[in-house]
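Worksheet: one structure, shown below.
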Amino acid sequence: MKQLTLIFLFYNLIVSCSSRTIQNKKVVGESFPQISGESLYGDRLMLPASEINDLQIFLIGYKQKTQFDIDRWLIGLEMTGVKVLVYELPVLDSWFPQFFRNKIDGGMKKGIPKGLWNNVVTVYDDANIVKNFLGTENPNNARVLLIGKNKKVLAQFDDGFSSGSLAKILQLIPTNKKGTCSDML
């Protein structure tokens with residue numbers, strides 16, 4: 001019990017020391033940086049996916065509490081019939097020891113249907129690249145990006161899900177990209 005308490009205190013100390021806030025940035029028109037992550041299947045992926053010559057949506061979360069916002073985006077995209085490649089990107093600090101990484105990824109696997117594991121890509125090593133690019137203010141809100149050709153950010157939302165934000169992103173997606181979001185997951 002004493003060891004568990006020490007581990008918990010150490011973890012909280014590290015988290016509190018490493019969580020400086022970075023001012024949110026507007027990045028529409030900029031190129032999203034190339035990052036790597038690992039899908040829940042264990043595959044290493046480079047994103048934005050360069051072999052995809054089409055639109056991609058990134059649903060980025062910094063904290064577990066962000067999942068609520070991400071789920072609302074996923075439901076909204078599914079209900080509107082969007083047929084765009086969607087990636088859910090939990091972005092966590094690279095200093096997490098492998099033990100914690102395995103626990104976190106294992107917890108996500110328990111809560112996410114196996115058919116979606118390819119598109120849930122945890123970003124550890126390049127977390128600071130993402131955080132510096134987008135900012136970290138209001139970390140409970142998802143960072144939602146529509147990425148176009150040449151890795152350009154076409155739309156950005158970081159103020160929580162709303163039907164208005166969903167409507168704005170839908171306006172940027174060609175009408176032939178309708179179907180079901182899960183077809184692309």
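Here's how to read the names in the structure tokens: chain A, B, ... by the order shown, residue numbers from 1 in each chain, ligand numbers from 1 in the order shown.
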Residues at most 10 Å from Ser50 in chain A, counting only C-alpha atoms, excluding those fewer than 5 positions away in the same chain, as a tab-separated table (two decimals) with N, CA and C atoms, in the first residue's frame?
```
chain	number	residue	atom	x	y	z
A	34	GLN	N	3.88	16.91	-39.26
A	34	GLN	CA	3.93	15.45	-39.33
A	34	GLN	C	4.20	14.91	-37.93
A	149	LYS	N	-5.86	18.52	-48.46
A	149	LYS	CA	-4.67	18.14	-49.22
A	149	LYS	C	-3.50	19.01	-48.78
A	150	ASN	N	-2.31	18.51	-48.96
A	150	ASN	CA	-1.09	19.21	-48.56
A	150	ASN	C	-1.05	19.48	-47.06
A	151	LYS	N	-1.83	18.73	-46.30
A	151	LYS	CA	-1.83	18.79	-44.82
A	151	LYS	C	-2.28	20.13	-44.27
```
DSSP says strand (DSSP E) for which residues of range 46-172 of chain A? Put them as a list of chain:residue names?
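Checking each residue of range 46-172 of chain A, the strand (DSSP E) ones are A:Met46, A:Leu47, A:Gln56, A:Ile57, A:Phe58, A:Leu59, A:Ile60, A:Gly61, A:Leu85, A:Val86, A:Tyr87, A:Glu88, A:Leu89, A:Pro90, A:Val121, A:Thr122, A:Arg143, A:Val144, A:Leu145, A:Leu146, A:Ile147, A:Val153, A:Leu154, A:Ala155, A:Gln156, A:Phe157.
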Please provide as a PyMOL selection string all residues within 9 Å of range 109-115 of chain A, with the sequence filter that same-chain residues fewer than 4 positions apart are discarded (counting only C-alpha atoms).
chain A and resi 40-41+104-105+119-120+185
Enter the distance from CA of Tyr87 in chain A to CA of Leu59 in chain A, in Å, rounded to one decimal.
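Answer for the CA of Tyr87 in chain A to CA of Leu59 in chain A separation: 6.2 Å.
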Tell me, as a VMD selection string, which residues lie within 8 Å of Asp93 in chain A, counting only C-alpha atoms; anything in the same chain fewer than 5 positions away does not count.
chain A and resid 124 to 125 127 to 128
Same residues, C-alpha atoms, saved as a short mmCIF file (atom, residue, chain, number, x, y, z; two decimals), in the first residue's frame:
```
data_model
loop_
_atom_site.label_atom_id
_atom_site.label_comp_id
_atom_site.auth_asym_id
_atom_site.auth_seq_id
_atom_site.Cartn_x
_atom_site.Cartn_y
_atom_site.Cartn_z
CA TYR A 124 3.11 10.29 -26.88
CA ASP A 125 6.49 11.14 -28.39
CA ALA A 127 2.79 15.39 -27.91
CA ASN A 128 4.72 18.63 -27.52
#
```
Which residue of A:Leu92, A:Val123, A:Ile57, A:Ile70 approaches Leu45 in chain A most closely, using only C-alpha atoms:
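Nearest to Leu45 in chain A: A:Val123.
Among the candidates A:Ile35, A:Leu134, A:Leu170, A:Ile129, the residue lying nearest to Trp73 in chain A is A:Leu170 (atoms considered: only C-alpha atoms).
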As number ranges by chain, please: every residue in range 4-176 of chain A that DSSP puts in helix (DSSP H, G or I).
A: 4-18, 64-79, 98-111, 114-119, 127-134, 149-151, 163-171, 175-176
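Shortest separation to Pro90 in chain A among A:Leu154, A:Met46, A:Val144, A:Val121 occurs at residue A:Val121, atoms counted being only C-alpha atoms.
Of note, CA of Ala167 in chain A and CA of Asn118 in chain A are spaced 26.5 Å apart.
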Residues at most 10 Å from Thr21 in chain A, counting only C-alpha atoms, excluding those fewer than 4 positions away in the same chain, as a list in words?
Lys131, Asn132, Gly135, Thr136, Glu137, Asn138 and Pro139 of chain A
What does the distance between CA of Lys25 in chain A and CA of Ser165 in chain A come to in Å, to one decimal place?
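Going from CA of Lys25 in chain A over to CA of Ser165 in chain A, I get 17.2 Å.
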12 Å contact set for Leu74 in chain A, only C-alpha atoms, chain neighbours under 6 positions out, as a count of residues only
25
